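Data from target-v9.cif: mmCIF, C-alpha atoms
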```
data_entry
loop_
_atom_site.label_atom_id
_atom_site.label_comp_id
_atom_site.auth_asym_id
_atom_site.auth_seq_id
_atom_site.Cartn_x
_atom_site.Cartn_y
_atom_site.Cartn_z
CA MET D 1116 62.08 -46.91 -165.99
CA SER D 1117 58.64 -48.14 -164.98
CA VAL D 1118 57.73 -48.69 -161.33
CA LEU D 1119 55.60 -51.67 -162.37
CA PRO D 1120 58.13 -54.44 -161.56
CA GLU D 1121 58.82 -52.92 -158.13
CA VAL D 1122 55.12 -52.65 -157.33
CA LEU D 1123 54.43 -56.23 -158.40
CA ALA D 1124 57.42 -57.53 -156.42
CA ALA D 1125 56.21 -55.68 -153.30
CA ASN D 1126 52.76 -57.15 -153.86
CA GLU D 1127 54.20 -60.69 -154.05
CA THR D 1128 55.84 -60.15 -150.68
CA TYR D 1129 52.61 -58.81 -149.17
CA ALA D 1130 50.52 -61.66 -150.56
CA ALA D 1131 53.04 -64.24 -149.32
CA GLY D 1132 52.46 -63.05 -145.74
CA PHE D 1133 48.71 -62.49 -146.14
CA GLY D 1134 47.77 -65.02 -143.44
CA ASP D 1135 44.12 -64.88 -142.46
CA LEU D 1136 43.48 -61.41 -143.91
CA GLY D 1137 41.53 -63.21 -146.64
CA SER D 1138 38.71 -63.82 -144.20
CA LEU D 1139 37.98 -60.14 -143.48
CA ALA D 1140 34.37 -59.05 -143.86
CA LEU D 1141 33.27 -56.39 -146.36
CA PRO D 1142 31.82 -53.84 -143.88
CA PRO D 1143 34.45 -51.80 -141.98
CA ALA D 1144 34.98 -53.45 -138.60
CA ARG D 1145 35.46 -50.14 -136.75
CA HIS D 1146 32.53 -48.39 -138.46
CA PHE D 1147 34.10 -45.17 -139.64
CA ALA D 1148 35.33 -43.46 -142.78
CA ILE D 1149 38.19 -41.01 -143.40
CA LEU D 1150 38.17 -38.45 -146.23
CA THR D 1151 41.72 -37.23 -146.78
CA CYS D 1152 44.16 -35.92 -149.39
CA MET D 1153 45.96 -38.03 -152.03
CA ASP D 1154 49.26 -36.42 -150.92
CA ALA D 1155 52.09 -38.97 -151.01
CA ARG D 1156 53.32 -38.01 -147.54
CA LEU D 1157 50.05 -39.07 -145.92
CA ASP D 1158 49.47 -42.69 -144.94
CA PRO D 1159 46.04 -42.70 -143.27
CA ALA D 1160 46.43 -46.29 -142.09
CA LYS D 1161 49.55 -45.22 -140.22
CA TYR D 1162 48.47 -41.78 -139.00
CA ALA D 1163 45.09 -43.06 -137.75
CA GLY D 1164 46.10 -46.57 -136.68
CA LEU D 1165 44.14 -48.65 -139.19
CA SER D 1166 44.55 -52.34 -139.89
CA GLU D 1167 43.11 -53.98 -142.98
CA GLY D 1168 39.35 -54.24 -142.58
CA ASP D 1169 38.96 -51.34 -140.13
CA ALA D 1170 37.69 -48.29 -142.02
CA HIS D 1171 36.81 -46.80 -145.39
CA VAL D 1172 39.44 -44.41 -146.76
CA ILE D 1173 38.42 -41.88 -149.42
CA ARG D 1174 41.18 -39.75 -150.97
CA ASN D 1175 41.34 -37.05 -153.63
CA ALA D 1176 43.36 -33.93 -154.37
CA GLY D 1177 42.91 -31.85 -151.22
CA GLY D 1178 40.68 -34.29 -149.34
CA ARG D 1179 37.77 -32.16 -150.55
CA ALA D 1180 34.07 -32.94 -150.03
CA SER D 1181 33.47 -33.21 -153.76
CA ASP D 1182 30.28 -34.76 -155.14
CA ASP D 1183 32.26 -37.97 -155.61
CA ALA D 1184 33.52 -37.98 -152.02
CA ILE D 1185 29.94 -37.54 -150.84
CA ARG D 1186 28.82 -40.39 -153.14
CA SER D 1187 31.41 -42.55 -151.40
CA LEU D 1188 30.49 -41.42 -147.87
CA VAL D 1189 26.79 -42.10 -148.50
CA ILE D 1190 27.55 -45.62 -149.77
CA SER D 1191 29.81 -46.04 -146.72
CA TYR D 1192 27.15 -45.35 -144.07
CA LYS D 1193 24.01 -46.43 -145.95
CA LEU D 1194 25.19 -49.81 -147.20
CA LEU D 1195 28.20 -50.62 -145.05
CA GLY D 1196 27.37 -49.21 -141.65
CA THR D 1197 29.93 -46.51 -140.92
CA ALA D 1198 28.74 -44.17 -138.18
CA GLU D 1199 31.51 -41.51 -137.92
CA PHE D 1200 33.31 -39.47 -140.58
CA PHE D 1201 36.73 -37.78 -140.42
CA VAL D 1202 37.77 -34.99 -142.82
CA VAL D 1203 41.57 -34.74 -142.70
CA HIS D 1204 43.40 -32.11 -144.75
CA HIS D 1205 47.08 -31.34 -144.16
CA THR D 1206 49.70 -28.60 -143.94
CA GLU D 1207 51.69 -27.63 -147.06
CA CYS D 1208 48.96 -28.98 -149.33
CA GLY D 1209 49.67 -28.55 -153.03
CA MET D 1210 46.11 -27.29 -153.45
CA GLU D 1211 47.17 -24.03 -151.72
CA PHE D 1212 49.81 -23.29 -154.37
CA PHE D 1213 47.62 -22.59 -157.38
CA THR D 1214 44.24 -21.25 -158.47
CA ASP D 1215 41.75 -22.35 -161.11
CA ASP D 1216 43.11 -19.66 -163.45
CA VAL D 1217 46.70 -20.83 -163.01
CA MET D 1218 45.78 -24.49 -163.61
CA ARG D 1219 43.68 -23.62 -166.65
CA GLY D 1220 46.53 -21.56 -168.10
CA LEU D 1221 49.08 -24.30 -167.50
CA LEU D 1222 46.89 -26.95 -169.15
CA ALA D 1223 46.09 -24.70 -172.09
CA SER D 1224 49.83 -24.30 -172.62
CA SER D 1225 50.81 -27.98 -172.55
CA LEU D 1226 50.03 -31.41 -171.06
CA GLU D 1227 53.52 -31.80 -169.64
CA THR D 1228 54.47 -31.45 -165.99
CA ALA D 1229 55.00 -27.84 -164.87
CA ALA D 1230 57.96 -26.65 -162.81
CA LEU D 1231 57.44 -25.19 -159.31
CA GLY D 1232 59.46 -22.02 -158.70
CA GLU D 1233 59.56 -19.52 -155.85
CA ASP D 1234 56.60 -17.67 -157.33
CA GLY D 1235 54.46 -20.65 -158.29
CA PHE D 1236 54.11 -23.11 -161.14
CA HIS D 1237 55.58 -22.38 -164.58
CA ASP D 1238 54.90 -24.30 -167.73
CA VAL D 1239 57.97 -25.80 -169.32
CA GLY D 1240 56.22 -27.97 -171.91
CA THR D 1241 56.09 -27.47 -175.63
CA GLY D 1242 52.40 -28.17 -176.17
CA PRO D 1243 49.89 -28.95 -177.40
CA GLY D 1244 47.68 -28.12 -174.43
CA SER D 1245 43.93 -28.38 -173.87
CA THR D 1246 41.25 -25.85 -172.96
CA GLU D 1247 39.26 -28.61 -171.21
CA GLY D 1248 40.76 -27.42 -167.92
CA ALA D 1249 38.46 -24.38 -168.07
CA TYR D 1250 35.48 -26.67 -167.46
CA VAL D 1251 36.86 -28.22 -164.28
CA ASP D 1252 36.53 -26.80 -160.76
CA TRP D 1253 39.93 -27.74 -159.37
CA LEU D 1254 38.78 -27.28 -155.73
CA THR D 1255 41.90 -25.36 -154.74
CA ILE D 1256 42.43 -24.21 -151.15
CA ALA D 1257 42.95 -20.56 -150.14
CA ASP D 1258 42.84 -21.07 -146.35
CA ALA D 1259 43.65 -24.47 -144.87
CA ASP D 1260 41.42 -24.35 -141.77
CA GLN D 1261 38.56 -22.73 -143.65
CA ALA D 1262 38.68 -25.49 -146.28
CA VAL D 1263 38.15 -28.08 -143.53
CA VAL D 1264 35.24 -26.04 -142.17
CA ASP D 1265 33.77 -25.75 -145.67
CA ASP D 1266 34.07 -29.48 -146.35
CA VAL D 1267 32.65 -30.54 -142.99
CA THR D 1268 29.81 -28.06 -143.49
CA ARG D 1269 29.02 -29.44 -146.91
CA ILE D 1270 28.91 -33.02 -145.65
CA ARG D 1271 26.92 -32.06 -142.56
CA ASN D 1272 24.32 -30.19 -144.61
CA HIS D 1273 24.02 -32.72 -147.42
CA PRO D 1274 20.47 -34.07 -147.72
CA LEU D 1275 21.74 -37.67 -147.95
CA VAL D 1276 23.83 -37.50 -144.76
CA PRO D 1277 21.88 -38.19 -141.57
CA ALA D 1278 22.23 -35.79 -138.64
CA GLY D 1279 23.34 -38.58 -136.30
CA ILE D 1280 26.76 -39.05 -137.92
CA PRO D 1281 29.53 -37.02 -136.23
CA VAL D 1282 31.87 -35.34 -138.73
CA TYR D 1283 35.30 -34.49 -137.29
CA GLY D 1284 37.59 -31.90 -138.91
CA TYR D 1285 41.38 -32.23 -138.66
CA VAL D 1286 44.58 -30.99 -140.28
CA TYR D 1287 47.51 -33.41 -140.45
CA ASP D 1288 50.84 -31.68 -139.85
CA VAL D 1289 53.31 -33.08 -142.40
CA LYS D 1290 56.23 -31.90 -140.25
CA SER D 1291 55.20 -33.77 -137.10
CA GLY D 1292 52.72 -36.46 -138.17
CA ARG D 1293 50.16 -35.06 -135.74
CA LEU D 1294 46.42 -34.64 -136.28
CA VAL D 1295 45.36 -31.15 -135.17
CA GLU D 1296 41.67 -30.55 -134.65
CA VAL D 1297 39.91 -27.74 -136.50
CA GLU D 1298 37.48 -27.03 -133.69
CA ALA D 1299 35.22 -24.82 -135.78
CA ALA D 1300 34.73 -27.74 -138.16
CA THR D 1301 34.16 -30.51 -135.62
CA SER D 1302 31.64 -28.39 -133.74
CA ILE D 1303 29.50 -28.23 -136.89
CA GLY D 1304 29.29 -32.00 -136.81
CA ALA D 1305 28.64 -32.13 -133.08
CA ALA D 1306 25.98 -29.45 -133.01
CA GLN D 1307 23.33 -31.48 -134.78
CA MET O 657 31.24 -45.39 -128.36
CA SER O 658 33.22 -43.05 -130.60
CA VAL O 659 36.41 -44.22 -132.29
CA LEU O 660 37.87 -40.73 -131.84
CA PRO O 661 39.97 -41.45 -128.71
CA GLU O 662 41.44 -44.59 -130.31
CA VAL O 663 42.32 -42.73 -133.51
CA LEU O 664 43.97 -39.87 -131.61
CA ALA O 665 45.92 -42.29 -129.41
CA ALA O 666 47.18 -44.17 -132.48
CA ASN O 667 48.15 -40.85 -134.02
CA GLU O 668 50.16 -39.90 -130.91
CA THR O 669 52.11 -43.13 -131.22
CA TYR O 670 52.76 -42.54 -134.93
CA ALA O 671 53.87 -38.94 -134.37
CA ALA O 672 56.17 -39.98 -131.52
CA GLY O 673 58.12 -42.19 -133.93
CA PHE O 674 57.91 -39.80 -136.89
CA GLY O 675 61.71 -39.43 -137.16
CA ASP O 676 62.81 -37.62 -140.31
CA LEU O 677 59.53 -38.15 -142.19
CA GLY O 678 58.92 -34.43 -141.63
CA SER O 679 61.50 -33.63 -144.29
CA LEU O 680 59.70 -35.41 -147.13
CA ALA O 681 59.15 -33.37 -150.30
CA LEU O 682 55.68 -32.60 -151.68
CA PRO O 683 56.03 -34.33 -155.10
CA PRO O 684 55.78 -38.14 -154.99
CA ALA O 685 59.31 -39.57 -154.92
CA ARG O 686 58.43 -42.57 -157.09
CA HIS O 687 56.39 -40.59 -159.61
CA PHE O 688 53.20 -42.58 -159.81
CA ALA O 689 49.57 -42.50 -158.70
CA ILE O 690 47.16 -45.26 -157.72
CA LEU O 691 43.37 -44.97 -158.12
CA THR O 692 41.71 -47.61 -155.96
CA CYS O 693 38.60 -48.42 -153.91
CA MET O 694 37.81 -47.06 -150.44
CA ASP O 695 37.14 -50.66 -149.28
CA ALA O 696 38.40 -51.18 -145.73
CA ARG O 697 40.19 -54.42 -146.62
CA LEU O 698 42.51 -52.65 -149.05
CA ASP O 699 45.70 -50.97 -147.84
CA PRO O 700 47.37 -49.65 -150.99
CA ALA O 701 50.56 -48.75 -149.12
CA LYS O 702 50.86 -52.39 -148.09
CA TYR O 703 49.63 -54.10 -151.26
CA ALA O 704 51.83 -51.94 -153.51
CA GLY O 705 54.81 -51.42 -151.20
CA LEU O 706 54.55 -47.67 -150.57
CA SER O 707 56.41 -45.70 -147.95
CA GLU O 708 55.37 -42.19 -146.95
CA GLY O 709 56.31 -39.81 -149.76
CA ASP O 710 56.27 -42.38 -152.56
CA ALA O 711 53.03 -42.03 -154.54
CA HIS O 712 49.65 -40.33 -154.76
CA VAL O 713 46.73 -42.49 -153.65
CA ILE O 714 43.22 -41.62 -154.84
CA ARG O 715 40.32 -43.63 -153.40
CA ASN O 716 36.55 -43.62 -153.81
CA ALA O 717 33.69 -46.11 -153.78
CA GLY O 718 34.73 -48.64 -156.44
CA GLY O 719 38.01 -46.99 -157.43
CA ARG O 720 36.08 -45.48 -160.32
CA ALA O 721 37.44 -42.95 -162.85
CA SER O 722 34.92 -40.33 -161.77
CA ASP O 723 35.32 -36.69 -162.76
CA ASP O 724 36.82 -36.09 -159.33
CA ALA O 725 39.35 -38.93 -159.71
CA ILE O 726 40.39 -37.45 -163.04
CA ARG O 727 40.69 -33.98 -161.43
CA SER O 728 43.08 -35.57 -158.94
CA LEU O 729 45.07 -37.51 -161.57
CA VAL O 730 45.51 -34.39 -163.70
CA ILE O 731 46.79 -32.38 -160.70
CA SER O 732 49.04 -35.36 -159.92
CA TYR O 733 50.88 -35.45 -163.25
CA LYS O 734 50.59 -31.79 -164.29
CA LEU O 735 51.75 -30.15 -161.06
CA LEU O 736 53.50 -32.93 -159.16
CA GLY O 737 55.20 -34.99 -161.82
CA THR O 738 53.64 -38.45 -161.70
CA ALA O 739 54.28 -40.40 -164.89
CA GLU O 740 52.40 -43.70 -164.42
CA PHE O 741 48.85 -44.42 -163.25
CA PHE O 742 47.43 -47.60 -161.71
CA VAL O 743 43.69 -48.37 -161.61
CA VAL O 744 43.13 -51.06 -158.96
CA HIS O 745 39.64 -52.44 -158.32
CA HIS O 746 39.10 -55.58 -156.23
CA THR O 747 37.15 -58.81 -155.89
CA GLU O 748 33.94 -58.87 -153.81
CA CYS O 749 33.49 -55.12 -154.24
CA GLY O 750 30.37 -53.73 -152.58
CA MET O 751 29.67 -51.80 -155.79
CA GLU O 752 28.68 -55.12 -157.45
CA PHE O 753 25.90 -55.75 -154.92
CA PHE O 754 23.48 -52.98 -155.84
CA THR O 755 22.19 -50.84 -158.69
CA ASP O 756 21.27 -47.17 -158.97
CA ASP O 757 17.60 -48.11 -158.59
CA VAL O 758 18.25 -50.12 -155.43
CA MET O 759 20.31 -47.33 -153.85
CA ARG O 760 17.75 -44.70 -154.78
CA GLY O 761 14.96 -46.80 -153.27
CA LEU O 762 16.90 -47.41 -150.07
CA LEU O 763 17.68 -43.71 -149.62
CA ALA O 764 14.11 -42.69 -150.38
CA SER O 765 12.99 -45.06 -147.65
CA SER O 766 15.34 -43.87 -144.88
CA LEU O 767 18.79 -42.46 -144.10
CA GLU O 768 19.66 -45.35 -141.81
CA THR O 769 22.03 -48.19 -142.64
CA ALA O 770 20.43 -50.99 -144.67
CA ALA O 771 20.81 -54.68 -143.89
CA LEU O 772 22.52 -57.04 -146.37
CA GLY O 773 20.62 -60.30 -146.86
CA GLU O 774 21.07 -63.24 -149.23
CA ASP O 775 19.15 -61.40 -151.93
CA GLY O 776 20.67 -57.95 -151.50
CA PHE O 777 20.19 -54.87 -149.33
CA HIS O 778 16.99 -54.29 -147.39
CA ASP O 779 15.99 -51.11 -145.66
CA VAL O 780 15.40 -51.48 -141.95
CA GLY O 781 15.13 -47.77 -141.11
CA THR O 782 12.04 -45.88 -140.11
CA GLY O 783 12.60 -42.81 -142.26
CA PRO O 784 12.49 -40.08 -143.24
CA GLY O 785 14.42 -40.70 -146.43
CA SER O 786 15.49 -38.41 -149.28
CA THR O 787 14.83 -38.42 -153.02
CA GLU O 788 18.20 -36.71 -153.61
CA GLY O 789 19.68 -40.14 -154.37
CA ALA O 790 17.85 -40.08 -157.71
CA TYR O 791 20.18 -37.30 -158.89
CA VAL O 792 23.40 -39.20 -158.16
CA ASP O 793 25.12 -41.67 -160.50
CA TRP O 794 26.34 -44.21 -157.94
CA LEU O 795 28.89 -45.72 -160.40
CA THR O 796 27.97 -49.29 -159.52
CA ILE O 797 29.82 -52.24 -161.08
CA ALA O 798 28.11 -54.98 -163.10
CA ASP O 799 31.27 -56.78 -164.30
CA ALA O 800 34.52 -56.41 -162.35
CA ASP O 801 37.02 -56.75 -165.20
CA GLN O 802 34.92 -54.64 -167.55
CA ALA O 803 34.75 -51.84 -164.96
CA VAL O 804 38.57 -51.72 -164.92
CA VAL O 805 38.60 -51.60 -168.71
CA ASP O 806 36.01 -48.82 -168.68
CA ASP O 807 37.91 -46.74 -166.13
CA VAL O 808 41.28 -47.15 -167.82
CA THR O 809 39.65 -46.28 -171.14
CA ARG O 810 38.09 -43.14 -169.69
CA ILE O 811 41.40 -41.96 -168.24
CA ARG O 812 43.33 -42.87 -171.39
CA ASN O 813 40.91 -40.95 -173.63
CA HIS O 814 40.50 -37.92 -171.40
CA PRO O 815 41.61 -34.72 -173.18
CA LEU O 816 43.65 -33.60 -170.13
CA VAL O 817 45.64 -36.85 -169.84
CA PRO O 818 48.71 -37.00 -172.09
CA ALA O 819 49.27 -40.10 -174.25
CA GLY O 820 52.70 -40.73 -172.73
CA ILE O 821 51.39 -41.82 -169.33
CA PRO O 822 50.95 -45.61 -169.02
CA VAL O 823 47.69 -46.59 -167.30
CA TYR O 824 47.78 -50.08 -165.75
CA GLY O 825 44.59 -51.99 -164.90
CA TYR O 826 44.50 -54.46 -162.00
CA VAL O 827 42.08 -56.29 -159.72
CA TYR O 828 43.17 -56.89 -156.12
CA ASP O 829 42.08 -60.29 -154.83
CA VAL O 830 40.77 -59.78 -151.27
CA LYS O 831 41.23 -63.51 -150.55
CA SER O 832 44.93 -63.64 -151.44
CA GLY O 833 46.22 -60.05 -151.38
CA ARG O 834 47.43 -60.45 -154.97
CA LEU O 835 47.21 -57.89 -157.77
CA VAL O 836 45.88 -59.59 -160.92
CA GLU O 837 46.35 -57.74 -164.20
CA VAL O 838 43.33 -56.98 -166.39
CA GLU O 839 45.26 -57.33 -169.61
CA ALA O 840 42.54 -55.78 -171.77
CA ALA O 841 42.77 -52.64 -169.62
CA THR O 842 46.53 -52.28 -169.43
CA SER O 843 46.85 -52.75 -173.18
CA ILE O 844 44.67 -49.68 -173.70
CA GLY O 845 47.23 -47.69 -171.79
CA ALA O 846 50.16 -49.27 -173.60
CA ALA O 847 48.76 -48.93 -177.10
CA GLN O 848 49.10 -45.16 -177.32
#
```
Take the structure in the file and write it out as structure tokens.
Amino acid sequence: MSVLPEVLAANETYAAGFGDLGSLALPPARHFAILTCMDARLDPAKYAGLSEGDAHVIRNAGGRASDDAIRSLVISYKLLGTAEFFVVHHTECGMEFFTDDVMRGLLASSLETAALGEDGFHDVGTGPGSTEGAYVDWLTIADADQAVVDDVTRIRNHPLVPAGIPVYGYVYDVKSGRLVEVEAATSIGAAQ
Amino acid sequence: MSVLPEVLAANETYAAGFGDLGSLALPPARHFAILTCMDARLDPAKYAGLSEGDAHVIRNAGGRASDDAIRSLVISYKLLGTAEFFVVHHTECGMEFFTDDVMRGLLASSLETAALGEDGFHDVGTGPGSTEGAYVDWLTIADADQAVVDDVTRIRNHPLVPAGIPVYGYVYDVKSGRLVEVEAATSIGAAQ
């Protein structure tokens, strides 16, 4: 059964209590942006205390500093005035549970959802698959803290990101809801 | 003044009331994913009625079906079992207020935040800038509904996205909080 009716009903309720949120300005009122993972357990508005209008939120698989995330961050500061960036990955991220080779093999086998067993993902589909997965860098994560350091480093060193923007590196603990600083990442942002 | 202390204080409050959220499973409980804009006024958990653990949320500048958004959607369905996708753009999107040429000119001029006047963005920085912006497709939006159609079409036709996944196209109205269907987009998803 589709989730569509539930989503639209929830939206009706939200819109009915919208109040004066319709008068919010386009630029983020609190002048910052968060890059974080798409993971369903993460609600950045809740874990970082955001109200509508406060901050840009950029999310992808892993919360990685992909070219597209950097496109978004550059638009965020250059056109809309954000002045601080957060990179927030999290514990138990799905991106730690596979590699490019695994993903490419699974997609070549079928385009149906794989099963996750004790020893990783297994394809249970009947095909057809696609070899297009071989041309994608899936941006998997081998070491959680290092991935935050890598992403903060990439943003910090990007030629379109000015040195004056602090870039903070954190890991969100899905068991406790707490943001834990990756000091080696934040210090990259602070050093410049 | 940095927002960091405020964000960490809000996170302490959230974590203190975390309750049994720490037992949530990795795969989204409601088996769907939303691709939407990073715009600060949008809170997808609120506008679509999501609790922690429910759905993947992918966000970038414009809510565009970039290569990175598709990477995330493919991981979402292939490894974590989502079975429906929403593309949700919004009214008054910043991506409608500039072009690649404008952005490239602004970045070449300086890496400081531009000012938005009646006739568009103006650079007020003193440089130096960077010509790196010329190598980025900024994925600007000329027509709001058409951009939803384009993004749904790209996802629908991508070789790594199976035909069985419905792809719904919506525009969120920032004045009312309502999701308005872009019928021409949703029908692309439904037709296959």
key: Residue contacts of segment 738-742 of chain O (6 Å, all atoms listed in the file) excluding same-chain residues fewer than 6 positions away, as a ChimeraX atom specification   = /O:687-690,732,821-824
Written file, previous selection with C-alpha atoms, as a short mmCIF file (atom, residue, chain, number, x, y, z; two decimals), in the frame of the given file:
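Contents of the output file out-v9.cif:
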```cif
data_model
loop_
_atom_site.label_atom_id
_atom_site.label_comp_id
_atom_site.auth_asym_id
_atom_site.auth_seq_id
_atom_site.Cartn_x
_atom_site.Cartn_y
_atom_site.Cartn_z
CA HIS O 687 56.39 -40.59 -159.61
CA PHE O 688 53.20 -42.58 -159.81
CA ALA O 689 49.57 -42.50 -158.70
CA ILE O 690 47.16 -45.26 -157.72
CA SER O 732 49.04 -35.36 -159.92
CA ILE O 821 51.39 -41.82 -169.33
CA PRO O 822 50.95 -45.61 -169.02
CA VAL O 823 47.69 -46.59 -167.30
CA TYR O 824 47.78 -50.08 -165.75
#
```
request  = Define the interface residues of chain O facing chain D as those within 6 Å, counting all atoms listed in the file, and report them as JSON, numbers by chain.
outcome  = {"O": [663, 666, 667, 670, 671, 678, 684, 694, 695, 696, 697, 703, 704, 705, 708, 709, 710, 711, 712, 713, 714, 715, 716, 717, 728, 734, 735, 737, 767, 769, 770, 818, 830, 831, 832, 833, 834]}
message = Between O:Asp775, O:Asp806, O:Glu839, O:Asp757, which residue has the minimum interatomic distance to Tyr791 of chain O, considering all atoms listed in the file?
response =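 Closest residue, counting all atoms listed in the file: O:Asp757.
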ask   = Within 9 Å of (32.7, -28.4, -134.7), in the coordinates the file gives, what residues turn up when you count only C-alpha atoms, written out as a ChimeraX atom specification?
value = /D:1264,1267,1282-1284,1297-1306
key: Point-to-point distance from atom CA of Gly1242 of chain D to atom CA of Val804 of chain O, Å rounded to tenths   =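 Interatomic distance here is 29.5 Å.
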task = Mind giving me the straight-line distance from atom CA of Gln802 of chain O to atom CA of Asp756 of chain O in Å, one decimal?
result = 17.8 Å
Can you put N, CA and C atoms back into segment 684-699 of chain O and show it as an mmCIF file, in the coordinates of the input?
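After the write, selection_31.cif holds the following:
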```cif
data_model
loop_
_atom_site.group_PDB
_atom_site.id
_atom_site.type_symbol
_atom_site.label_atom_id
_atom_site.label_comp_id
_atom_site.auth_asym_id
_atom_site.auth_seq_id
_atom_site.Cartn_x
_atom_site.Cartn_y
_atom_site.Cartn_z
ATOM 1 N N PRO O 684 55.549 -36.712 -155.279
ATOM 2 C CA PRO O 684 55.780 -38.140 -154.990
ATOM 3 C C PRO O 684 57.143 -38.611 -155.490
ATOM 4 N N ALA O 685 57.929 -39.195 -154.597
ATOM 5 C CA ALA O 685 59.310 -39.570 -154.920
ATOM 6 C C ALA O 685 59.381 -40.613 -156.021
ATOM 7 N N ARG O 686 58.378 -41.483 -156.102
ATOM 8 C CA ARG O 686 58.430 -42.570 -157.090
ATOM 9 C C ARG O 686 57.550 -42.280 -158.301
ATOM 10 N N HIS O 687 57.005 -41.095 -158.367
ATOM 11 C CA HIS O 687 56.390 -40.590 -159.610
ATOM 12 C C HIS O 687 55.259 -41.437 -160.168
ATOM 13 N N PHE O 688 54.391 -41.933 -159.279
ATOM 14 C CA PHE O 688 53.200 -42.580 -159.810
ATOM 15 C C PHE O 688 52.003 -42.349 -158.902
ATOM 16 N N ALA O 689 50.833 -42.678 -159.433
ATOM 17 C CA ALA O 689 49.570 -42.500 -158.700
ATOM 18 C C ALA O 689 48.757 -43.780 -158.824
ATOM 19 N N ILE O 690 48.053 -44.103 -157.731
ATOM 20 C CA ILE O 690 47.160 -45.260 -157.720
ATOM 21 C C ILE O 690 45.732 -44.768 -157.479
ATOM 22 N N LEU O 691 44.807 -45.208 -158.339
ATOM 23 C CA LEU O 691 43.370 -44.970 -158.120
ATOM 24 C C LEU O 691 42.775 -46.302 -157.682
ATOM 25 N N THR O 692 42.213 -46.342 -156.467
ATOM 26 C CA THR O 692 41.710 -47.610 -155.960
ATOM 27 C C THR O 692 40.457 -47.394 -155.107
ATOM 28 N N CYS O 693 39.880 -48.487 -154.631
ATOM 29 C CA CYS O 693 38.600 -48.420 -153.910
ATOM 30 C C CYS O 693 38.809 -48.019 -152.450
ATOM 31 N N MET O 694 37.775 -47.434 -151.859
ATOM 32 C CA MET O 694 37.810 -47.060 -150.440
ATOM 33 C C MET O 694 37.695 -48.272 -149.515
ATOM 34 N N ASP O 695 37.406 -49.451 -150.070
ATOM 35 C CA ASP O 695 37.140 -50.660 -149.280
ATOM 36 C C ASP O 695 38.134 -50.805 -148.120
ATOM 37 N N ALA O 696 37.589 -51.119 -146.942
ATOM 38 C CA ALA O 696 38.400 -51.180 -145.730
ATOM 39 C C ALA O 696 39.472 -52.271 -145.776
ATOM 40 N N ARG O 697 39.236 -53.324 -146.571
ATOM 41 C CA ARG O 697 40.190 -54.420 -146.620
ATOM 42 C C ARG O 697 41.456 -54.091 -147.404
ATOM 43 N N LEU O 698 41.372 -53.018 -148.204
ATOM 44 C CA LEU O 698 42.510 -52.650 -149.050
ATOM 45 C C LEU O 698 43.424 -51.653 -148.340
ATOM 46 N N ASP O 699 44.707 -51.951 -148.269
ATOM 47 C CA ASP O 699 45.700 -50.970 -147.840
ATOM 48 C C ASP O 699 46.708 -50.820 -148.968
#
```
